Structure formats: structure tokens, C-alpha cells
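Structure below is my_file-v1.txt: compact mmCIF, C-alpha atoms.
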```
# COMPACT_ATOMS: atom_id res chain seq x y z
CA MET A 1 194.28 10.76 61.71
CA SER A 2 197.50 9.63 63.36
CA GLY A 3 200.82 9.50 61.54
CA ILE A 4 200.82 5.67 61.60
CA THR A 5 197.34 5.49 60.08
CA ARG A 6 198.26 8.05 57.41
CA ASN A 7 201.42 6.10 56.51
CA LEU A 8 199.53 2.80 56.28
CA PHE A 9 196.90 4.46 54.05
CA ALA A 10 199.57 5.91 51.73
CA THR A 11 201.43 2.57 51.63
CA PHE A 12 198.20 0.71 50.81
CA LEU A 13 197.46 3.10 47.96
CA THR A 14 200.99 2.82 46.60
CA VAL A 15 200.98 -1.00 46.81
CA SER A 16 197.55 -1.14 45.15
CA ILE A 17 198.73 0.94 42.22
CA VAL A 18 202.13 -0.79 41.82
CA ALA A 19 200.48 -4.21 41.90
CA GLY A 20 198.47 -3.33 38.76
CA ALA A 21 199.54 -3.22 35.15
CA ASP A 22 202.05 -0.74 33.79
CA ASP A 23 199.26 1.65 32.89
CA PRO A 24 197.06 2.46 35.87
CA THR A 25 193.35 2.13 35.44
CA PRO A 26 191.18 5.26 35.73
CA LEU A 27 190.15 4.15 39.20
CA GLU A 28 193.79 3.84 40.27
CA VAL A 29 194.50 7.33 38.93
CA VAL A 30 191.60 8.73 40.95
CA VAL A 31 192.75 6.87 44.07
CA GLN A 32 196.28 8.25 43.61
CA GLN A 33 194.92 11.80 43.21
CA LEU A 34 192.75 11.39 46.29
CA SER A 35 195.75 10.08 48.23
CA THR A 36 197.83 13.10 47.21
CA ASN A 37 195.00 15.48 48.12
CA PHE A 38 194.48 13.72 51.45
CA LEU A 39 198.14 14.06 52.40
CA ALA A 40 198.15 17.76 51.45
CA LEU A 41 195.02 18.40 53.54
CA GLN A 42 196.51 16.48 56.47
CA ALA A 43 199.62 18.71 56.33
CA LYS A 44 197.38 21.81 56.36
CA VAL A 45 195.48 20.51 59.39
CA GLU A 46 198.74 19.89 61.24
CA ASN A 47 199.91 23.44 60.44
CA GLN A 48 196.63 24.89 61.68
CA GLU A 49 196.82 22.85 64.88
CA ALA A 50 200.33 24.25 65.49
CA GLU A 51 199.06 27.81 64.91
CA ILE A 52 196.17 27.24 67.33
CA ALA A 53 198.60 25.97 69.97
CA GLN A 54 200.75 29.09 69.51
CA LEU A 55 197.73 31.39 69.84
CA GLN A 56 196.56 29.57 72.95
CA ALA A 57 200.02 29.90 74.52
CA LYS A 58 200.05 33.61 73.71
CA ASN A 59 196.56 34.05 75.19
CA GLU A 60 197.71 32.44 78.45
CA LYS A 61 199.94 35.49 78.97
CA HIS A 62 197.02 37.91 78.96
CA VAL A 63 197.15 39.75 82.30
CA VAL A 64 195.14 42.91 83.02
CA PHE A 65 193.77 44.27 86.28
CA ALA A 66 192.01 47.35 87.57
CA ALA A 67 190.76 47.96 91.11
CA TYR A 68 189.44 50.85 93.17
CA MET A 69 188.98 51.85 96.83
CA THR A 70 185.61 51.41 98.53
CA GLN A 71 186.41 53.12 101.86
CA ASN A 72 188.14 56.35 102.85
CA GLN A 73 191.53 55.76 104.49
CA PRO A 74 193.31 57.86 107.11
CA ALA A 75 196.98 58.65 106.54
CA ASN A 76 199.17 55.78 107.69
CA ILE A 77 202.76 55.93 106.43
CA ASN A 78 203.92 52.74 104.65
CA ALA A 79 200.43 51.17 104.74
CA VAL A 80 199.29 49.45 101.54
CA VAL A 81 196.50 51.43 99.88
CA PRO A 82 193.45 49.13 99.93
CA PHE A 83 192.20 48.92 96.33
CA ASP A 84 189.66 46.31 97.35
CA ALA A 85 187.05 46.37 94.57
CA ILE A 86 187.86 44.62 91.30
CA ILE A 87 186.92 46.21 87.98
CA THR A 88 188.74 43.57 85.95
CA ASN A 89 191.26 40.87 86.83
CA VAL A 90 192.13 38.85 83.72
CA GLY A 91 194.72 36.26 84.69
CA GLY A 92 193.92 36.55 88.42
CA ALA A 93 197.27 38.14 89.35
CA TYR A 94 195.72 40.91 91.48
CA ASN A 95 194.55 40.09 95.02
CA PRO A 96 191.91 42.52 96.33
CA THR A 97 192.34 41.24 99.90
CA THR A 98 196.02 42.22 100.06
CA SER A 99 195.77 44.92 97.34
CA ALA A 100 198.86 43.38 95.76
CA PHE A 101 199.72 42.32 92.22
CA THR A 102 201.87 39.16 92.08
CA CYS A 103 203.71 38.72 88.80
CA PRO A 104 202.62 35.43 87.17
CA PHE A 105 205.55 35.24 84.71
CA ASP A 106 208.64 37.22 83.69
CA GLY A 107 208.12 40.22 81.43
CA ASP A 108 207.44 43.92 81.10
CA TYR A 109 204.38 45.35 82.84
CA PHE A 110 202.68 48.74 82.93
CA PHE A 111 201.23 50.11 86.20
CA ALA A 112 199.37 53.28 87.09
CA PHE A 113 197.50 54.63 90.08
CA ASN A 114 195.31 57.63 90.70
CA VAL A 115 194.11 58.54 94.20
CA ASP A 116 191.86 61.34 95.41
CA VAL A 117 193.48 62.84 98.54
CA SER A 118 192.74 65.53 101.09
CA ALA A 119 194.36 68.94 100.64
CA ASP A 120 197.00 68.22 103.31
CA TYR A 121 198.02 64.76 101.97
CA LEU A 122 201.25 64.72 99.96
CA GLU A 123 202.68 61.41 98.68
CA LEU A 124 202.14 57.79 97.55
CA TRP A 125 204.65 55.17 96.40
CA LEU A 126 204.50 52.28 93.98
CA ARG A 127 206.64 49.48 95.39
CA LYS A 128 208.17 46.32 93.98
CA ASN A 129 208.92 43.74 96.66
CA GLY A 130 208.84 46.50 99.29
CA GLN A 131 211.26 48.79 97.42
CA ASN A 132 210.05 52.20 96.21
CA MET A 133 210.03 52.27 92.41
CA VAL A 134 208.26 55.58 91.80
CA ASP A 135 206.44 58.10 93.93
CA ALA A 136 203.65 60.51 93.17
CA ASP A 137 203.09 63.68 95.09
CA LYS A 138 201.19 66.90 94.83
CA ASP A 139 203.05 70.12 95.10
CA ASP A 140 200.22 72.40 96.12
CA THR A 141 196.95 72.41 98.04
CA THR A 142 194.73 72.98 95.01
CA THR A 143 195.35 69.54 93.48
CA THR A 144 193.32 66.72 94.97
CA HIS A 145 194.65 63.75 92.97
CA VAL A 146 197.97 61.98 93.15
CA THR A 147 198.79 59.96 90.05
CA THR A 148 201.69 58.29 88.25
CA SER A 149 202.55 55.43 85.92
CA ILE A 150 205.57 53.26 85.24
CA VAL A 151 206.79 50.31 83.15
CA LEU A 152 208.70 47.66 85.12
CA THR A 153 210.54 44.52 84.10
CA LEU A 154 209.39 41.87 86.56
CA LYS A 155 210.27 38.31 87.48
CA GLN A 156 207.69 35.70 88.37
CA GLY A 157 206.66 36.19 92.00
CA ASP A 158 207.53 39.91 92.23
CA VAL A 159 204.90 41.81 94.24
CA ILE A 160 203.65 45.29 93.36
CA THR A 161 201.73 47.50 95.81
CA VAL A 162 200.80 51.15 96.24
CA ASN A 163 201.81 52.43 99.67
CA GLN A 164 201.05 55.55 101.63
CA GLY A 165 203.85 58.02 102.15
CA ASP A 166 202.31 60.54 104.52
CA ARG A 167 201.20 60.83 108.15
CA LYS A 168 198.48 63.46 107.79
CA GLY A 169 195.28 63.83 105.81
CA HIS A 170 193.33 61.01 104.21
CA LEU A 171 192.57 59.15 100.98
CA ASP A 172 189.07 59.46 99.54
CA SER A 173 187.41 56.32 98.21
CA GLY A 174 185.55 55.91 94.95
CA ASN A 175 185.97 54.64 91.43
CA ASP A 176 188.24 57.60 90.64
CA CYS A 177 190.84 56.07 93.01
CA THR A 178 192.28 53.29 90.86
CA PHE A 179 195.25 50.95 90.61
CA THR A 180 195.73 49.34 87.18
CA GLY A 181 198.28 47.19 85.46
CA PHE A 182 198.83 44.94 82.48
CA TYR A 183 201.38 42.69 80.83
CA ILE A 184 203.16 44.22 77.82
CA GLN A 185 205.50 41.45 76.68
```

Have the structure of the file written as C-alpha cells, please.
Amino acid sequence: MSGITRNLFATFLTVSIVAGADDPTPLEVVVQQLSTNFLALQAKVENQEAEIAQLQAKNEKHVVFAAYMTQNQPANINAVVPFDAIITNVGGAYNPTTSAFTCPFDGDYFFAFNVDVSADYLELWLRKNGQNMVDADKDDTTTTHVTTSIVLTLKQGDVITVNQGDRKGHLDSGNDCTFTGFYIQ
């Protein structure tokens, strides 16, 4: 019920009761009680509608993605690592064609990657707008995975990628080669 309708209803009830004798009839007492109850329920409904709107706004900021590589990749320094298969992409901020995450709104985000590499491959970078933020390397030839994670404060439109940092060896594909990220707050 709109505010105008509610006010007219309350005014009608008040006028109806005032127009009567000094002592209200039992029916007028019931009508007054119903009017009071109606207004209290209307206030509760308005509060619940406001809470629903807040929850919906909060839910709009739900951003989570995870992707993996489907094809082995030769070493190619600076090339974006092609995490081309989507596991999840809530919010649609990750593009599997470009293998880039584009920040949909300002905030803090968590990112991690894990890549299976050949014994002679050494380093990968996580970049923000082309700038190295963190690198991951392996220090020996017995380790076959390069992995790291980071929390970044981003602005809307910032782009996050994982880039190759080596000229020799290769990256092995599979669902153990992942790039993930999510919005924190």
C-alpha cells in the first residue's frame, strides 16, 4: 500500500471515530485497534523491503572465478598464460578468451595461480595493468609446479593476468593448472 493510501486510511479511521459520541462504540474500538495494527505491520514490511534491498546490493558484489589451461604452452616470455576453460565465473569478470580478469568495482581481491611446468621452466608473473605485482618461481629441478597468491586493492577497470617469465621449457595443461580470484570487500 502506498504512503498516500495508508494516510487516507488512517485519516478516515480517525475521522470516523472522532465523529462519534464521546465514548467510542465497540466497533469503533476494534476499528481503531485494527488501524494501529495495520500501521505497525506496514512499518515492518517497509523495514523488510529495505533489508531485502541491502542484501540484493551486497549480492551484486559477489565475484568469484576459477579457470584452467586446456593446452600445453611453449615458453614465450611476457605472453599471457591461456587459462581458457572456466570452472566458475560468478559476476562474469573473467574472460577466458583473453585470460584476463577485469575488475568490476573498487575493492580488495584475492588471486592465486598454480601451473605445472617442465623441469627447465623457472618463472611466472601476476600482473596488474601490465605491471608485475608478484612472481612465482621454482628454485630447483625437482619441483614441477609454480604457485603463488596475493591480495590486491583494485579500481574498477584494472586488469589482472598471469604472464610467462621464461624463454625455455613449457607449461603443462590440465585442471591442476589454475588461475582463481574473488572479491573480498

*asked:* With distances taken over all atoms listed in the file, which residue among A:Trp125, A:Phe83, A:Tyr94, A:Tyr68 lies nearest Phe182 of chain A?
replied: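 Nearest candidate to Phe182 of chain A out of A:Trp125, A:Phe83, A:Tyr94, A:Tyr68: A:Tyr94.
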
*All residues 6 Å or closer to segment 96-105 of chain A, all atoms listed in the file, same chain fewer than 6 positions away omitted, as a list in words*: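 These residues fall inside the cut-off: Pro82, Phe83, Asp84, Gln156, Gly157, Asp158, Val159, Ile160 and Thr161 of chain A.
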
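Near (201.8, 57.9, 99.1), the residues inside the 9 Å limit, counting all atoms listed in the file, come to Ala75, Ile77, Asn78, Ala79, Val81, Tyr121, Leu122, Glu123, Leu124, Trp125, Leu126, Asp135, Ala136, Asp137, Val146, Val162, Asn163, Gln164, Gly165 and Asp166 of chain A.
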
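With distances taken over all atoms listed in the file, A:Cys177 is the one residue among A:Ala43, A:Val134, A:Cys177, A:Leu152 lying closest to Thr70 of chain A.
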
_Two-atom distance - atom CA of Asn72 of chain A, atom CA of Val117 of chain A (Å)_ =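 Atom-to-atom, atom CA of Asn72 of chain A and atom CA of Val117 of chain A are spaced 9.4 Å apart.
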
*So how far away is atom CA of Val115 of chain A from atom CA of Asp176 of chain A, in Å?*
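Computing the Euclidean distance for atom CA of Asp176 of chain A and atom CA of Val115 of chain A yields 6.9 Å.
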
*What separation in Å, quoted to one decimal, exists between atom CA of Thr148 of chain A and atom CA of Phe179 of chain A?*
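Computing it gives 10.0 Å between the two atoms.
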